[in-house]
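Presented below is the structure to which this report refers.
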Amino acid sequence: MQINRLIEIVYVLLRQKSVTARELSERFNVSQRTIYRDIDTLSLSGIPVYTEKGKGGGIGLLPSFILSKSLLNEQEQNEILSALHGLSSVGTAETDQVLNKLSAVFNKNAATWMEVDFSDWNYADCGYFNEFKTAVLDRRIAEFDYYSTYGEQTHRRIEPVQIWFKSKAWYIKGFCLTRQDIRLFKLTRIKNLTITNEHFSARDLLASQQSASPPEHQKPDISLKFKIEPEMAFRIYDDFDDYMVEKQPDGRYIVSVTWPDDNWLYGFVLSYGEYIEVLEPEYMREIIKNKALGIAKKHL
């Protein structure tokens, strides 16, 4: 389409001081006459494009266009490029394209003062991110098999409305047609995803809820208190906020948190090995003891 070609020509001219009609015709697979008509169209629309004949000539933009091309100030331009640079870490090709185009429009290099990496040290990806992005933007129903915290498999059909990143994991928020309620699904527990060609109408879900419901099968939060040995100090400051931690005179740490009572919690406590003791609640002490004994029996 001509409009797309005209926009692309402007991007090319922003990146390059001068380009020949022949180069543009080869790039867009059109005749040089078509390119000259495009240049006339750009000129009539107010874009300060010019042509220079002879050796070393070509098509270019007046420098003043680069200086007055945006209502955004320098700081705002840098903030936009930085935000796009961070978003590009999720691996969307479209974001990289927009980043490159805006860098040319702003006459700046892409921001590189920060690096965002959502993957863990096992190099696991965020799972189905691009597929759900398409489903959200196109309002297409998604189908998949979902595995709960307890390994239970169910088949779901949802109207996806938002992708979340929370507590080191990606989630898809959507209206579950199976449960007839808005739910949150962890992407790593989703298998056999299909983005259907069935479209849905927007529901007023985001406005009515300030936060999403907990992920499927997540139990209510409980108050916990741990005693952790000094050898685990390096992990304490990774796993807990300062207000949760109270250092004792003997070097040990008392940690108070409010977390969901589920299998993730038991695995987290056991990952501290012999360097942790559950102080509260009492029933949690019994659960951890039995799980530790079960592990020991398997290694006798």
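Lettering and numbering for the structure tokens are positional, with chains as A, B, ... in the shown order, residues counted from 1 in each chain, and ligands counted from 1 in the shown order.
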Checklist entry - Contacts of Pro230 of chain A at 8 Å or less, counting only C-alpha atoms, minus same-chain residues fewer than 5 places along, as a list in words? => result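 Listed by chain and then number, they are Gly251, Arg252 and Tyr253 of chain A.
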Checklist entry - Which residues, written as number ranges by chain, have at least one atom at most 10 Å from Tyr243 of chain A, with only C-alpha atoms counted and residues fewer than 3 positions away on the same chain left out? => result A: 240, 246, 255-257
Checklist entry - What lies within 8 Å of segment 273-290 of chain A using only C-alpha atoms, ignoring chain neighbours under 3 positions off, as a PyMOL selection string? => result chain A and resi 223-229+231-232+266+269-270+293-294
When you look at segment 29-37 of chain A with a cut-off of 10 Å (counting only C-alpha atoms), what residues show up, excluding the ones that are within fewer than 2 positions of it in the same chain? I need them as a PDB file with C-alpha atoms, in the first residue's frame.
```pdb
ATOM      1  CA  GLN A   2       1.187   3.510  -0.806  1.00  0.00           C
ATOM      2  CA  ARG A   5       5.551   2.858   1.531  1.00  0.00           C
ATOM      3  CA  LEU A   6       5.416   6.620   2.199  1.00  0.00           C
ATOM      4  CA  ILE A   9      10.432   6.216   2.920  1.00  0.00           C
ATOM      5  CA  THR A  20      18.868   7.632  -4.575  1.00  0.00           C
ATOM      6  CA  ALA A  21      15.576   6.966  -6.314  1.00  0.00           C
ATOM      7  CA  ARG A  22      17.075   3.774  -7.693  1.00  0.00           C
ATOM      8  CA  GLU A  23      17.879   2.485  -4.200  1.00  0.00           C
ATOM      9  CA  LEU A  24      14.327   3.215  -3.067  1.00  0.00           C
ATOM     10  CA  SER A  25      12.789   1.604  -6.138  1.00  0.00           C
ATOM     11  CA  GLU A  26      14.807  -1.580  -5.549  1.00  0.00           C
ATOM     12  CA  ARG A  27      13.916  -1.587  -1.867  1.00  0.00           C
ATOM     13  CA  ILE A  39       8.339  12.184  -3.103  1.00  0.00           C
ATOM     14  CA  ASP A  40       5.903  14.710  -4.587  1.00  0.00           C
ATOM     15  CA  THR A  41       3.150  13.370  -2.323  1.00  0.00           C
ATOM     16  CA  LEU A  42       5.371  13.724   0.746  1.00  0.00           C
ATOM     17  CA  SER A  43       6.326  17.265  -0.237  1.00  0.00           C
ATOM     18  CA  THR A  51      15.940  16.033  -4.481  1.00  0.00           C
ATOM     19  CA  ILE A  59      16.758  12.396  -2.041  1.00  0.00           C
TER      20      ILE A  59
END
```
Listing only residues of segment 175-200 of chain A within 6 Å of segment 136-153 of chain A, what is the closest atom pair and its distance in Å (to one decimal) for each, using only C-alpha atoms, sorted by chain and residue number ascending, as a tab-separated table?
```
residue	atom	partner	partner_atom	distance
A:Arg189	CA	A:Tyr147	CA	5.3
A:Ile190	CA	A:Tyr146	CA	4.9
A:Lys191	CA	A:Asp145	CA	5.2
A:Asn192	CA	A:Phe144	CA	5.4
A:Leu193	CA	A:Phe144	CA	4.4
A:Thr194	CA	A:Glu143	CA	5.2
A:Ile195	CA	A:Ala142	CA	4.6
A:Thr196	CA	A:Ile141	CA	5.6
A:Glu198	CA	A:Arg140	CA	5.5
A:His199	CA	A:Arg140	CA	4.4
A:Phe200	CA	A:Arg139	CA	5.7
```
Could you dump the residues just selected with N, CA and C atoms as a PDB file, in the first residue's frame?
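For reference, out-v4.pdb as written:
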```
ATOM      1  N   ARG A 189       2.253 -23.489  33.560  1.00  0.00           N
ATOM      2  CA  ARG A 189       1.379 -24.635  33.807  1.00  0.00           C
ATOM      3  C   ARG A 189       0.400 -24.859  32.666  1.00  0.00           C
ATOM      4  N   ILE A 190       0.524 -24.073  31.617  1.00  0.00           N
ATOM      5  CA  ILE A 190      -0.362 -24.193  30.460  1.00  0.00           C
ATOM      6  C   ILE A 190       0.289 -25.076  29.398  1.00  0.00           C
ATOM      7  N   LYS A 191      -0.475 -26.028  28.895  1.00  0.00           N
ATOM      8  CA  LYS A 191       0.010 -26.928  27.848  1.00  0.00           C
ATOM      9  C   LYS A 191      -1.023 -26.984  26.720  1.00  0.00           C
ATOM     10  N   ASN A 192      -0.552 -27.327  25.522  1.00  0.00           N
ATOM     11  CA  ASN A 192      -1.429 -27.542  24.368  1.00  0.00           C
ATOM     12  C   ASN A 192      -2.313 -26.329  24.084  1.00  0.00           C
ATOM     13  N   LEU A 193      -1.681 -25.173  24.025  1.00  0.00           N
ATOM     14  CA  LEU A 193      -2.426 -23.930  23.798  1.00  0.00           C
ATOM     15  C   LEU A 193      -2.886 -23.821  22.344  1.00  0.00           C
ATOM     16  N   THR A 194      -4.126 -23.396  22.161  1.00  0.00           N
ATOM     17  CA  THR A 194      -4.669 -23.075  20.841  1.00  0.00           C
ATOM     18  C   THR A 194      -5.353 -21.718  20.916  1.00  0.00           C
ATOM     19  N   ILE A 195      -4.933 -20.802  20.048  1.00  0.00           N
ATOM     20  CA  ILE A 195      -5.621 -19.521  19.931  1.00  0.00           C
ATOM     21  C   ILE A 195      -6.641 -19.683  18.813  1.00  0.00           C
ATOM     22  N   THR A 196      -7.905 -19.713  19.162  1.00  0.00           N
ATOM     23  CA  THR A 196      -8.955 -19.986  18.185  1.00  0.00           C
ATOM     24  C   THR A 196      -9.240 -18.756  17.330  1.00  0.00           C
ATOM     25  N   GLU A 198     -12.277 -17.714  17.195  1.00  0.00           N
ATOM     26  CA  GLU A 198     -13.513 -17.196  17.798  1.00  0.00           C
ATOM     27  C   GLU A 198     -13.205 -15.884  18.521  1.00  0.00           C
ATOM     28  N   HIS A 199     -13.933 -14.836  18.172  1.00  0.00           N
ATOM     29  CA  HIS A 199     -13.728 -13.536  18.793  1.00  0.00           C
ATOM     30  C   HIS A 199     -14.758 -13.315  19.896  1.00  0.00           C
ATOM     31  N   PHE A 200     -14.390 -12.499  20.864  1.00  0.00           N
ATOM     32  CA  PHE A 200     -15.298 -12.198  21.964  1.00  0.00           C
ATOM     33  C   PHE A 200     -15.398 -10.689  22.153  1.00  0.00           C
TER      34      PHE A 200
END
```
Checklist entry - Could you pull out the alpha helix (DSSP H) residues of segment 124-169 of chain A from DSSP and send them as a count of residues only? => result 10
